[in-house]
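S.K.: This is the content of upload_22.csv (CSV, C-alpha atoms and all ligand atoms):
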```csv
chain,number,residue,atom,x,y,z
D,1,MET,CA,-13.4,13.9,-16.8
D,2,THR,CA,-10.4,11.6,-16.7
D,3,ASN,CA,-8.7,13.5,-19.5
D,4,SER,CA,-9.2,16.9,-18.1
D,5,LYS,CA,-8.0,15.8,-14.6
D,6,PHE,CA,-5.0,14.1,-16.2
D,7,GLU,CA,-4.3,17.4,-18.1
D,8,GLU,CA,-4.5,19.4,-14.9
D,9,ILE,CA,-2.0,17.0,-13.2
D,10,ASN,CA,0.2,17.1,-16.3
D,11,ARG,CA,0.3,20.9,-16.2
D,12,ALA,CA,1.2,20.9,-12.5
D,13,LEU,CA,4.0,18.4,-13.2
D,14,ARG,CA,5.5,20.1,-16.3
D,15,GLN,CA,5.2,23.7,-15.1
D,16,HIS,CA,7.1,23.3,-11.8
D,17,GLN,CA,10.5,22.3,-10.8
D,18,ARG,CA,10.7,21.2,-7.1
D,19,PHE,CA,8.8,18.1,-6.2
D,20,ALA,CA,8.1,15.9,-3.2
D,21,ILE,CA,6.6,12.5,-4.0
D,22,LEU,CA,5.1,10.9,-0.9
D,23,SER,CA,3.2,7.9,0.3
D,24,HIS,CA,1.8,6.2,3.3
D,25,VAL,CA,3.7,4.8,6.4
D,26,ARG,CA,4.3,1.1,6.5
D,27,PRO,CA,4.5,1.2,2.7
D,28,ASP,CA,3.6,-1.7,0.4
D,29,GLY,CA,4.6,-2.4,-3.2
D,30,ASP,CA,2.0,-0.1,-4.6
D,31,ALA,CA,3.2,2.8,-2.4
D,32,LEU,CA,6.9,2.4,-3.1
D,33,GLY,CA,6.5,1.4,-6.8
D,34,SER,CA,4.2,4.3,-7.5
D,35,GLN,CA,6.5,6.8,-5.7
D,36,LEU,CA,9.5,5.7,-7.7
D,37,ALA,CA,7.7,5.4,-11.0
D,38,LEU,CA,6.5,9.0,-10.8
D,39,ALA,CA,9.8,10.2,-9.4
D,40,LEU,CA,11.8,8.6,-12.2
D,41,SER,CA,9.4,10.0,-14.9
D,42,LEU,CA,9.8,13.5,-13.4
D,43,ARG,CA,13.6,13.1,-13.3
D,44,GLU,CA,13.5,12.2,-17.0
D,45,LEU,CA,11.9,15.7,-17.5
D,46,GLY,CA,14.8,17.2,-15.6
D,47,LYS,CA,12.9,18.0,-12.4
D,48,ASP,CA,14.3,18.3,-8.9
D,49,VAL,CA,12.6,15.4,-7.0
D,50,ARG,CA,12.5,14.3,-3.3
D,51,VAL,CA,11.1,10.8,-2.8
D,52,TRP,CA,10.2,10.5,0.9
D,53,ASN,CA,8.6,7.8,3.0
D,54,GLU,CA,8.5,7.8,6.8
D,55,ASP,CA,9.9,4.3,6.8
D,56,GLY,CA,12.4,4.8,4.0
D,57,MET,CA,13.1,2.0,1.5
D,58,LEU,CA,12.3,-1.5,2.7
D,59,GLU,CA,14.8,-4.3,2.3
D,60,LYS,CA,12.1,-6.3,0.5
D,61,TYR,CA,11.8,-3.7,-2.3
D,62,SER,CA,15.4,-2.6,-2.5
D,63,PHE,CA,15.8,-4.4,-5.9
D,64,VAL,CA,13.5,-2.0,-7.7
D,65,PRO,CA,15.2,0.4,-10.2
D,66,GLY,CA,15.9,3.8,-8.5
D,67,ALA,CA,15.4,2.3,-5.0
D,68,LYS,CA,18.3,4.6,-3.7
D,69,LEU,CA,16.3,7.7,-4.6
D,70,LEU,CA,13.8,6.9,-1.9
D,71,SER,CA,14.7,8.0,1.6
D,72,LYS,CA,13.3,9.0,5.0
D,73,PRO,CA,12.2,12.7,4.9
D,74,ALA,CA,14.6,15.6,5.6
D,75,SER,CA,14.8,16.6,9.3
D,76,VAL,CA,14.6,20.3,8.4
D,77,PRO,CA,11.3,21.1,6.6
D,78,GLU,CA,11.6,22.1,3.0
D,79,ASP,CA,9.6,24.2,0.5
D,80,VAL,CA,8.6,22.6,-2.7
D,81,ASP,CA,6.5,23.6,-5.7
D,82,VAL,CA,4.4,20.4,-5.9
D,83,ALA,CA,3.8,17.7,-3.3
D,84,VAL,CA,2.2,14.5,-4.5
D,85,ALA,CA,0.5,12.0,-2.2
D,86,LEU,CA,0.2,8.6,-3.7
D,87,ASP,CA,-1.9,5.6,-2.5
D,88,THR,CA,-2.7,7.4,0.7
D,89,ALA,CA,-6.3,7.4,1.9
D,90,ILE,CA,-5.9,9.8,4.8
D,91,GLN,CA,-3.4,12.7,4.7
D,92,ASN,CA,-2.0,11.9,8.2
D,93,ARG,CA,-0.9,8.4,6.9
D,94,LEU,CA,1.9,10.4,5.2
D,95,GLY,CA,3.4,10.4,8.7
D,96,THR,CA,6.6,12.5,9.1
D,97,THR,CA,6.8,13.3,5.4
D,98,LEU,CA,3.8,15.6,5.9
D,99,THR,CA,5.7,17.8,8.4
D,100,ALA,CA,8.9,17.7,6.4
D,101,ILE,CA,7.1,19.9,3.8
D,102,ARG,CA,7.0,23.4,5.0
D,103,SER,CA,5.1,24.7,2.1
D,104,ALA,CA,3.9,23.4,-1.3
D,105,LYS,CA,2.2,25.6,-3.9
D,106,ILE,CA,0.1,22.7,-5.0
D,107,TRP,CA,-0.9,19.4,-3.3
D,108,VAL,CA,-1.8,16.6,-5.7
D,109,ASN,CA,-3.7,13.5,-4.4
D,110,ILE,CA,-3.7,10.4,-6.5
D,111,ASP,CA,-5.2,7.3,-5.0
D,112,HIS,CA,-7.6,4.3,-5.3
D,113,HIS,CA,-9.0,4.1,-1.8
D,114,PRO,CA,-12.8,4.6,-1.7
D,115,SER,CA,-12.4,6.2,1.7
D,116,ASN,CA,-10.1,8.9,0.4
D,117,PRO,CA,-11.9,12.2,1.3
D,118,GLY,CA,-10.2,14.1,-1.5
D,119,TYR,CA,-7.7,16.3,0.4
D,120,GLY,CA,-5.4,18.5,-1.7
D,121,ASP,CA,-5.7,20.9,-4.6
D,122,ILE,CA,-5.8,18.5,-7.5
D,123,VAL,CA,-7.5,15.2,-6.6
D,124,TYR,CA,-7.7,12.0,-8.7
D,125,VAL,CA,-9.3,9.2,-6.7
D,126,ASP,CA,-10.5,6.2,-8.7
D,127,PRO,CA,-11.8,3.4,-6.4
D,128,THR,CA,-12.2,1.1,-9.4
D,129,ALA,CA,-8.5,1.0,-10.0
D,130,PRO,CA,-6.8,-2.0,-8.4
D,131,ALA,CA,-3.6,-0.1,-7.7
D,132,THR,CA,-2.4,3.5,-7.7
D,133,GLY,CA,0.2,2.2,-10.1
D,134,GLN,CA,-2.5,1.6,-12.7
D,135,ILE,CA,-3.7,5.2,-12.4
D,136,LEU,CA,-0.1,6.4,-12.9
D,137,PHE,CA,0.3,4.2,-16.0
D,138,ASP,CA,-2.8,5.7,-17.5
D,139,LEU,CA,-1.6,9.2,-16.6
D,140,ILE,CA,1.8,8.6,-18.1
D,141,LYS,CA,0.3,7.2,-21.3
D,142,ASN,CA,-2.4,9.8,-21.7
D,143,GLN,CA,-0.1,12.7,-21.1
D,144,ASN,CA,3.0,11.4,-22.9
D,145,LEU,CA,5.1,11.5,-19.8
D,146,PRO,CA,8.4,9.5,-20.0
D,147,LEU,CA,8.1,5.7,-19.6
D,148,THR,CA,11.4,3.9,-19.4
D,149,ARG,CA,12.0,0.2,-18.5
D,150,GLU,CA,12.9,1.3,-15.0
D,151,ILE,CA,9.6,3.2,-14.6
D,152,ALA,CA,7.7,0.2,-16.1
D,153,GLU,CA,9.2,-2.1,-13.6
D,154,ASN,CA,8.2,0.0,-10.7
D,155,LEU,CA,4.6,0.2,-12.0
D,156,TYR,CA,4.6,-3.6,-12.5
D,157,VAL,CA,5.7,-4.0,-8.9
D,158,ALA,CA,2.9,-1.6,-7.7
D,159,ILE,CA,0.2,-3.4,-9.7
D,160,SER,CA,1.4,-7.0,-9.1
D,161,THR,CA,1.5,-6.5,-5.4
D,162,ASP,CA,-1.9,-4.7,-5.0
D,163,THR,CA,-3.7,-7.3,-7.1
D,164,GLY,CA,-2.2,-10.3,-5.3
D,165,SER,CA,-0.3,-11.2,-8.5
D,166,PHE,CA,-3.3,-10.4,-10.7
D,167,GLN,CA,-5.7,-12.6,-8.7
D,168,TYR,CA,-8.0,-10.3,-6.7
D,169,PRO,CA,-11.4,-9.4,-8.2
D,170,ASN,CA,-10.2,-5.8,-8.8
D,171,THR,CA,-8.1,-7.2,-11.6
D,172,THR,CA,-9.7,-6.3,-14.9
D,173,ALA,CA,-9.0,-6.7,-18.6
D,174,HIS,CA,-7.5,-3.3,-18.6
D,175,THR,CA,-5.1,-4.4,-15.8
D,176,PHE,CA,-3.9,-7.2,-18.1
D,177,GLU,CA,-3.6,-5.0,-21.1
D,178,LEU,CA,-1.6,-2.5,-19.1
D,179,ALA,CA,0.6,-5.3,-17.7
D,180,ALA,CA,1.2,-6.5,-21.3
D,181,GLN,CA,2.4,-3.0,-22.2
D,182,LEU,CA,4.7,-2.9,-19.2
D,183,VAL,CA,6.2,-6.2,-20.3
D,184,SER,CA,6.6,-4.8,-23.8
D,185,ALA,CA,8.4,-1.8,-22.2
D,186,GLY,CA,11.0,-4.3,-20.9
D,187,VAL,CA,9.8,-5.7,-17.6
D,188,ASP,CA,11.4,-9.1,-16.9
D,189,VAL,CA,8.4,-10.9,-15.3
D,190,GLY,CA,10.3,-13.9,-14.1
D,191,ARG,CA,13.0,-11.9,-12.4
D,192,VAL,CA,10.6,-9.4,-10.8
D,193,SER,CA,8.2,-12.1,-9.6
D,194,GLN,CA,11.1,-14.1,-8.1
D,195,GLN,CA,12.3,-10.9,-6.2
D,196,LEU,CA,8.8,-10.3,-5.0
D,197,TYR,CA,7.5,-13.7,-4.1
D,198,GLU,CA,10.5,-16.1,-3.8
D,199,ASN,CA,13.0,-14.1,-2.0
D,200,TYR,CA,11.7,-13.8,1.6
D,201,PRO,CA,14.1,-14.0,4.6
D,202,ARG,CA,13.9,-17.3,6.5
D,203,ARG,CA,12.6,-15.5,9.6
D,204,ARG,CA,9.3,-14.8,7.7
D,205,SER,CA,8.6,-18.5,7.5
D,206,GLU,CA,9.5,-18.8,11.1
D,207,LEU,CA,7.1,-16.0,11.9
D,208,LEU,CA,4.4,-17.8,9.8
D,209,ARG,CA,4.9,-21.0,11.9
D,210,GLU,CA,4.4,-19.0,15.1
D,211,LEU,CA,1.4,-17.2,13.8
D,212,LEU,CA,-0.4,-20.4,12.6
D,213,ALA,CA,0.2,-21.7,16.1
D,214,THR,CA,-2.1,-18.9,17.4
D,215,ALA,CA,-4.8,-19.3,14.7
D,216,HIS,CA,-8.4,-19.2,15.9
D,217,PHE,CA,-11.5,-20.0,14.0
D,218,GLU,CA,-15.0,-18.7,14.8
D,219,ALA,CA,-18.4,-18.5,13.4
D,220,GLY,CA,-18.2,-22.1,12.1
D,221,GLY,CA,-14.9,-21.5,10.4
D,222,ARG,CA,-16.0,-18.3,8.6
D,223,VAL,CA,-13.8,-16.1,10.6
D,224,ALA,CA,-10.1,-16.9,11.0
D,225,SER,CA,-7.5,-14.9,12.9
D,226,PHE,CA,-4.0,-15.0,14.3
D,227,SER,CA,-1.9,-12.6,16.3
D,228,LEU,CA,1.6,-11.4,16.9
D,229,SER,CA,2.6,-10.0,20.3
D,230,LEU,CA,5.4,-7.6,20.8
D,231,ASN,CA,7.3,-10.2,22.7
D,232,LEU,CA,7.2,-12.7,19.9
D,233,ALA,CA,8.2,-10.1,17.3
D,234,ARG,CA,11.2,-9.3,19.5
D,235,GLN,CA,12.1,-12.9,20.0
D,236,LEU,CA,12.0,-13.7,16.3
D,237,GLU,CA,13.7,-10.4,15.4
D,238,VAL,CA,11.1,-9.7,12.7
D,239,LEU,CA,10.8,-6.5,10.8
D,240,PRO,CA,7.4,-4.9,10.3
D,241,GLU,CA,7.5,-5.6,6.6
D,242,ASP,CA,8.0,-9.4,7.2
D,243,ASN,CA,4.3,-9.9,7.9
D,244,GLU,CA,3.0,-8.4,4.7
D,245,GLY,CA,0.9,-11.0,2.9
D,246,LEU,CA,0.9,-13.6,5.7
D,247,ILE,CA,-2.8,-12.9,6.3
D,248,ASP,CA,-3.4,-14.6,2.9
D,249,HIS,CA,-2.6,-17.9,4.5
D,250,LEU,CA,-5.8,-17.5,6.5
D,251,ARG,CA,-7.8,-16.2,3.6
D,252,ALA,CA,-6.7,-19.2,1.5
D,253,ILE,CA,-8.6,-21.7,3.8
D,254,ARG,CA,-11.8,-23.1,2.4
D,255,GLY,CA,-14.9,-21.7,4.2
D,256,VAL,CA,-13.1,-18.6,5.6
D,257,VAL,CA,-14.9,-15.4,4.7
D,258,VAL,CA,-13.1,-13.0,6.9
D,259,ALA,CA,-9.4,-13.2,7.9
D,260,VAL,CA,-7.9,-11.0,10.6
D,261,PHE,CA,-4.4,-10.3,11.7
D,262,PHE,CA,-3.7,-8.6,15.0
D,263,GLU,CA,-0.3,-7.1,15.4
D,264,GLN,CA,0.6,-5.6,18.8
D,265,LEU,CA,2.4,-2.3,18.5
D,266,ALA,CA,4.2,-0.1,21.0
D,267,GLU,CA,2.2,2.4,23.0
D,268,ASN,CA,-0.8,0.2,23.8
D,269,LYS,CA,-2.0,-0.1,20.2
D,270,VAL,CA,-2.8,-2.9,17.9
D,271,ARG,CA,-2.6,-2.9,14.1
D,272,VAL,CA,-5.6,-4.8,12.7
D,273,SER,CA,-5.5,-6.1,9.1
D,274,MET,CA,-8.7,-7.5,7.7
D,275,ARG,CA,-9.5,-9.4,4.5
D,276,SER,CA,-12.9,-10.5,3.1
D,277,LYS,CA,-13.7,-13.1,0.4
D,278,SER,CA,-17.2,-11.8,-0.2
D,279,GLU,CA,-18.5,-8.5,-1.6
D,280,HIS,CA,-21.3,-8.9,0.9
D,281,VAL,CA,-18.9,-8.6,3.9
D,282,ASP,CA,-17.4,-5.1,3.7
D,283,VAL,CA,-14.4,-5.1,6.0
D,284,ARG,CA,-13.7,-1.4,5.3
D,285,ALA,CA,-17.0,-0.6,7.0
D,286,ILE,CA,-15.9,-2.7,10.0
D,287,CYS,CA,-12.5,-1.0,10.2
D,288,GLU,CA,-14.1,2.5,9.8
D,289,ARG,CA,-15.9,1.9,13.1
D,290,PHE,CA,-12.4,1.8,14.6
D,291,GLY,CA,-11.0,4.8,12.8
D,292,GLY,CA,-9.4,2.8,10.0
D,293,GLY,CA,-10.3,2.4,6.4
D,294,GLY,CA,-9.3,0.7,3.1
D,295,HIS,CA,-11.3,-1.3,0.5
D,296,VAL,CA,-14.3,-3.6,0.7
D,297,LEU,CA,-12.2,-6.7,0.6
D,298,ALA,CA,-9.0,-5.4,2.3
D,299,ALA,CA,-8.9,-2.9,5.1
D,300,GLY,CA,-7.1,-2.0,8.3
D,301,ALA,CA,-7.1,0.1,11.5
D,302,ARG,CA,-5.0,0.9,14.4
D,303,VAL,CA,-6.9,0.4,17.6
D,304,ARG,CA,-6.0,1.4,21.2
D,305,GLY,CA,-5.8,-1.4,23.8
D,306,THR,CA,-4.1,-4.6,24.7
D,307,LEU,CA,-4.2,-7.5,22.2
D,308,GLU,CA,-7.0,-9.2,24.2
D,309,GLU,CA,-9.1,-6.1,24.4
D,310,VAL,CA,-8.7,-5.3,20.7
D,311,LYS,CA,-9.4,-8.9,19.6
D,312,SER,CA,-12.6,-9.0,21.6
D,313,LYS,CA,-13.9,-5.6,20.3
D,314,ILE,CA,-13.0,-6.5,16.7
D,315,MET,CA,-14.5,-10.0,16.8
D,316,GLY,CA,-17.7,-8.5,18.3
D,317,ALA,CA,-17.9,-6.1,15.3
D,318,ILE,CA,-17.3,-8.9,12.8
D,319,CYS,CA,-20.0,-11.0,14.5
D,320,ASP,CA,-22.4,-8.0,14.3
D,321,VAL,CA,-22.0,-8.2,10.5
D,322,ILE,CA,-21.9,-11.9,9.7
D,323,GLY,CA,-23.6,-13.4,12.8
D,324,CYS,CA,-21.6,-15.8,14.8
D,325,GLU,CA,-24.3,-18.1,16.2
D,326,SER,CA,-23.7,-21.4,14.4
M,401,LIG,P1,-3.1,-3.8,5.2
M,401,LIG,O1,-3.9,-4.8,6.0
M,401,LIG,O2,-2.2,-3.0,6.1
M,401,LIG,O3,-2.4,-4.4,4.1
M,401,LIG,O4,-4.1,-2.7,4.6
M,401,LIG,C1,-5.2,-3.1,3.8
M,401,LIG,C2,-5.8,-1.9,3.3
M,401,LIG,O5,-6.4,-1.2,4.4
M,401,LIG,C3,-4.9,-0.9,2.6
M,401,LIG,O6,-5.6,-0.5,1.4
M,401,LIG,C4,-4.7,0.2,3.5
M,401,LIG,O7,-4.6,1.4,2.9
M,401,LIG,C5,-6.0,0.2,4.4
M,401,LIG,N1,-5.5,0.5,5.8
M,401,LIG,C6,-4.7,-0.2,6.6
M,401,LIG,N2,-4.5,0.3,7.8
M,401,LIG,C7,-5.3,1.5,7.8
M,401,LIG,C8,-5.5,2.5,8.7
M,401,LIG,N3,-4.9,2.5,9.9
M,401,LIG,N4,-6.3,3.5,8.4
M,401,LIG,C9,-6.9,3.6,7.1
M,401,LIG,N5,-6.7,2.6,6.2
M,401,LIG,C10,-5.9,1.6,6.5
M,402,MN,MN,-0.8,0.9,-0.2
M,403,MN,MN,-2.7,0.6,-3.2
```
Represent the structure contained in this file as structure tokens.
Ligand code: AMP
Ligand code: MN
Ligand code: MN

M.R.:
Amino acid sequence: MTNSKFEEINRALRQHQRFAILSHVRPDGDALGSQLALALSLRELGKDVRVWNEDGMLEKYSFVPGAKLLSKPASVPEDVDVAVALDTAIQNRLGTTLTAIRSAKIWVNIDHHPSNPGYGDIVYVDPTAPATGQILFDLIKNQNLPLTREIAENLYVAISTDTGSFQYPNTTAHTFELAAQLVSAGVDVGRVSQQLYENYPRRRSELLRELLATAHFEAGGRVASFSLSLNLARQLEVLPEDNEGLIDHLRAIRGVVVAVFFEQLAENKVRVSMRSKSEHVDVRAICERFGGGGHVLAAGARVRGTLEEVKSKIMGAICDVIGCES
């Protein structure tokens, strides 16, 4: 099944000329790394490739090879032969890149979110893959698509970030085998890791200090949360990307099973990020109750309401699952 699906994707890639490679709003390393890896491989084949993300390239990932190829979408909609959505569970999380495509002959959907409903003409969703970058690596290898050092480095960024540096339980022997092949293809692990994990702006640590000051523990310490108001974000002049990964400081605490981060957004909405340390506590199911999605151990949602309203609703839903009397 894998091979015939890869063959189908391969034909779509090789037989067409104009491409748009897209991924979700508020991109992470898997989104941007996957986009650039596939775009660079297609460029090696001489294709005409647009690499669009609603948020453009983030400062944090601007070190990756080919970063300059990635831009915000064109303001005048364009026609392409093939549009590829990567790492995007719900089509509307493509944001403004979706409307920037006037027409595409073929939509390809490659993802690892179990909640992906399978939109598009050619669909490859593997919820067992820890990162979309891992699926792309397998596709590239299986179908003999170009794999340069630059492409390998983008795939490494995608996989390293989505596995929490090869630590989350979705990391398998295959993930390490594949990482070894990427290193053989020229990835400088020390340099990439330093760029990814030891190169944060100082304001991120200042943000962490403020977030920890709001930390709350419930259910006998099994649920931990902190929150960021619009006011505080303005005061600290933080960028949305600055808070990526900070929730791990809550998850890292002994006894914590569910970690939650509430980030107030404009227009009376709150972005909720949730992490679980137990396969028995499915945070995706909780987030789906609020129109969100994700994976069993990492999920999110955007919920209408003030910070206080959303906190109380979400905490209620978590307590329904784990029981908070103790
Ligand atoms: P985050 O907490 O933003 O890092 O997201 C964790 C996981 O949940 C990712 O796999 C996201 O794709 C998914 N996710 C986050 N926000 C949403 C949302 N609003 N709708 C659906 N899935 C989401
Ligand atoms: Mn992602
Ligand atoms: Mn991903």

S.K.: Please report, as a Markdown table, each residue of chain D lying at most 8 Å from ligand MN 403 (chain M), together with the nearest pair of atoms and the separation in Å rounded to one decimal; use all atoms listed in the file, and order rows by chain and ascending residue number.

M.R.:
```
| residue | atom | partner | partner_atom | distance |
| --- | --- | --- | --- | --- |
| D:Asp28 | CA | M:MN403 | MN | 7.6 |
| D:Gly29 | CA | M:MN403 | MN | 7.9 |
| D:Asp30 | CA | M:MN403 | MN | 5.0 |
| D:Ala31 | CA | M:MN403 | MN | 6.3 |
| D:Asp87 | CA | M:MN403 | MN | 5.1 |
| D:Thr88 | CA | M:MN403 | MN | 7.8 |
| D:Asp111 | CA | M:MN403 | MN | 7.4 |
| D:His112 | CA | M:MN403 | MN | 6.5 |
| D:His113 | CA | M:MN403 | MN | 7.3 |
| D:Pro130 | CA | M:MN403 | MN | 7.1 |
| D:Ala131 | CA | M:MN403 | MN | 4.6 |
| D:Thr132 | CA | M:MN403 | MN | 5.4 |
| D:Gly133 | CA | M:MN403 | MN | 7.7 |
| D:Ala158 | CA | M:MN403 | MN | 7.5 |
| D:Asp162 | CA | M:MN403 | MN | 5.7 |
```

S.K.: Neighbourhood query: residues within 8 Å of (12.5, 7.8, 5.3), file coordinates, counting only C-alpha atoms; return as a count of residues only.

M.R.: 11

S.K.: Choose the residue, out of D:Glu288, D:Asp282, D:Glu244, D:Glu267, that has the smallest atom-to-atom separation from ligand MN 402 (chain M); count only C-alpha atoms and all ligand atoms.

M.R.: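 The closest residue to ligand MN 402 (chain M) is D:Glu244.
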
S.K.: Residues near Lys277 of chain D, anyone? I mean within 10 Å using only C-alpha atoms, not counting same-chain ones fewer than 6 positions away, as a list in words.

M.R.: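 Close residues of Lys277 of chain D: Tyr168, Pro169, Arg222, Arg251, Ala252, Gly255, Val256, Val257, Val258, Ala259, Val283, Val296, Leu297 and Ala298 of chain D.
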
S.K.: Could you please take those selected residues and save C-alpha atoms as a PDB file, in the frame of the given file?

M.R.:
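out-v3.pdb was written with the following content:
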```pdb
ATOM      1  CA  TYR D 168      -8.000 -10.300  -6.700  1.00  0.00           C
ATOM      2  CA  PRO D 169     -11.400  -9.400  -8.200  1.00  0.00           C
ATOM      3  CA  ARG D 222     -16.000 -18.300   8.600  1.00  0.00           C
ATOM      4  CA  ARG D 251      -7.800 -16.200   3.600  1.00  0.00           C
ATOM      5  CA  ALA D 252      -6.700 -19.200   1.500  1.00  0.00           C
ATOM      6  CA  GLY D 255     -14.900 -21.700   4.200  1.00  0.00           C
ATOM      7  CA  VAL D 256     -13.100 -18.600   5.600  1.00  0.00           C
ATOM      8  CA  VAL D 257     -14.900 -15.400   4.700  1.00  0.00           C
ATOM      9  CA  VAL D 258     -13.100 -13.000   6.900  1.00  0.00           C
ATOM     10  CA  ALA D 259      -9.400 -13.200   7.900  1.00  0.00           C
ATOM     11  CA  VAL D 283     -14.400  -5.100   6.000  1.00  0.00           C
ATOM     12  CA  VAL D 296     -14.300  -3.600   0.700  1.00  0.00           C
ATOM     13  CA  LEU D 297     -12.200  -6.700   0.600  1.00  0.00           C
ATOM     14  CA  ALA D 298      -9.000  -5.400   2.300  1.00  0.00           C
TER      15      ALA D 298
END
```

S.K.: Smallest atom-to-atom distance to Cys319 of chain D: which of D:Val223, D:Gly291, D:Ala129, D:Leu228, using only C-alpha atoms?

M.R.: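 Among the listed residues, D:Val223 lies closest to Cys319 of chain D.
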
S.K.: Provide the atom CA of Ile9 of chain D to atom CA of Gly186 of chain D distance in Å, to one decimal place.

M.R.: 26.1 Å

S.K.: For a test of reading the model, state the distance in Å between atom CA of Leu94 of chain D and atom CA of Leu32 of chain D, rounded to one decimal.

M.R.: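 Here the two named atoms are 12.6 Å from each other.
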
S.K.: I'd like the contact shell of Gly300 of chain D - 12 Å cut-off, all atoms listed in the file, skipping same-chain residues fewer than 3 positions apart - returned as a compact mmCIF listing (two decimals) with C-alpha atoms, in the frame of the given file.

M.R.:
```
# COMPACT_ATOMS: atom_id res chain seq x y z
CA ARG D 26 4.30 1.10 6.50
CA ALA D 89 -6.30 7.40 1.90
CA HIS D 113 -9.00 4.10 -1.80
CA SER D 115 -12.40 6.20 1.70
CA ILE D 247 -2.80 -12.90 6.30
CA ALA D 259 -9.40 -13.20 7.90
CA VAL D 260 -7.90 -11.00 10.60
CA PHE D 261 -4.40 -10.30 11.70
CA PHE D 262 -3.70 -8.60 15.00
CA GLU D 263 -0.30 -7.10 15.40
CA VAL D 270 -2.80 -2.90 17.90
CA ARG D 271 -2.60 -2.90 14.10
CA VAL D 272 -5.60 -4.80 12.70
CA SER D 273 -5.50 -6.10 9.10
CA MET D 274 -8.70 -7.50 7.70
CA ARG D 275 -9.50 -9.40 4.50
CA SER D 276 -12.90 -10.50 3.10
CA ASP D 282 -17.40 -5.10 3.70
CA VAL D 283 -14.40 -5.10 6.00
CA ARG D 284 -13.70 -1.40 5.30
CA ALA D 285 -17.00 -0.60 7.00
CA ILE D 286 -15.90 -2.70 10.00
CA CYS D 287 -12.50 -1.00 10.20
CA GLU D 288 -14.10 2.50 9.80
CA ARG D 289 -15.90 1.90 13.10
CA PHE D 290 -12.40 1.80 14.60
CA GLY D 291 -11.00 4.80 12.80
CA GLY D 292 -9.40 2.80 10.00
CA GLY D 293 -10.30 2.40 6.40
CA GLY D 294 -9.30 0.70 3.10
CA HIS D 295 -11.30 -1.30 0.50
CA VAL D 296 -14.30 -3.60 0.70
CA LEU D 297 -12.20 -6.70 0.60
CA VAL D 303 -6.90 0.40 17.60
CA ILE D 314 -13.00 -6.50 16.70
```

S.K.: What is the atom CA of Lys311 of chain D-atom CA of Gly95 of chain D distance in Å, reported with one decimal?

M.R.: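 Interatomic distance, atom CA of Lys311 of chain D to atom CA of Gly95 of chain D: 25.6 Å.
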
S.K.: Which residues are close to segment 141-146 of chain D, i.e. within 12 Å by all atoms listed in the file, leaving aside same-chain residues fewer than 5 positions away? Reply as a short mmCIF file (atom, residue, chain, number, x, y, z; two decimals) with C-alpha atoms, keeping the file's coordinate frame.

M.R.:
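This is the output file part.cif:
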```cif
data_model
loop_
_atom_site.label_atom_id
_atom_site.label_comp_id
_atom_site.auth_asym_id
_atom_site.auth_seq_id
_atom_site.Cartn_x
_atom_site.Cartn_y
_atom_site.Cartn_z
CA THR D 2 -10.40 11.60 -16.70
CA ASN D 3 -8.70 13.50 -19.50
CA SER D 4 -9.20 16.90 -18.10
CA LYS D 5 -8.00 15.80 -14.60
CA PHE D 6 -5.00 14.10 -16.20
CA GLU D 7 -4.30 17.40 -18.10
CA GLU D 8 -4.50 19.40 -14.90
CA ILE D 9 -2.00 17.00 -13.20
CA ASN D 10 0.20 17.10 -16.30
CA ARG D 11 0.30 20.90 -16.20
CA ALA D 12 1.20 20.90 -12.50
CA LEU D 13 4.00 18.40 -13.20
CA ARG D 14 5.50 20.10 -16.30
CA ALA D 37 7.70 5.40 -11.00
CA LEU D 38 6.50 9.00 -10.80
CA ALA D 39 9.80 10.20 -9.40
CA LEU D 40 11.80 8.60 -12.20
CA SER D 41 9.40 10.00 -14.90
CA LEU D 42 9.80 13.50 -13.40
CA ARG D 43 13.60 13.10 -13.30
CA GLU D 44 13.50 12.20 -17.00
CA LEU D 45 11.90 15.70 -17.50
CA GLY D 46 14.80 17.20 -15.60
CA GLN D 134 -2.50 1.60 -12.70
CA ILE D 135 -3.70 5.20 -12.40
CA LEU D 136 -0.10 6.40 -12.90
CA ILE D 151 9.60 3.20 -14.60
CA ALA D 152 7.70 0.20 -16.10
CA LEU D 178 -1.60 -2.50 -19.10
CA GLN D 181 2.40 -3.00 -22.20
CA LEU D 182 4.70 -2.90 -19.20
CA ALA D 185 8.40 -1.80 -22.20
#
```

S.K.: Quick one: residues within 10 Å of Leu265 of chain D, all atoms listed in the file, excluding same-chain residues fewer than 4 positions away - as a PyMOL selection string?

M.R.: chain D and resi 228-230+233+240+269-271+302-307

S.K.: Considering all atoms listed in the file, can you say which of D:Gly164, D:Gly323, D:Pro65, D:Pro27 comes closest to ligand MN 402 (chain M)?

M.R.: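 Checking each of D:Gly164, D:Gly323, D:Pro65, D:Pro27 against ligand MN 402 (chain M), counting all atoms listed in the file, the winner is D:Pro27.
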
S.K.: Rank D:Ser23, D:Asn154, D:Thr163, D:Ser193 by their smallest atom-to-atom distance to Asn92 of chain D, using only C-alpha atoms, and report the top residue only.

M.R.: D:Ser23

S.K.: Nearest to ligand MN 402 (chain M) among D:Ser165, D:Ser184, D:Gln35, D:Gln17, with distances taken over only C-alpha atoms and all ligand atoms: which residue is it?

M.R.: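 Closest to ligand MN 402 (chain M), using only C-alpha atoms and all ligand atoms: D:Gln35.
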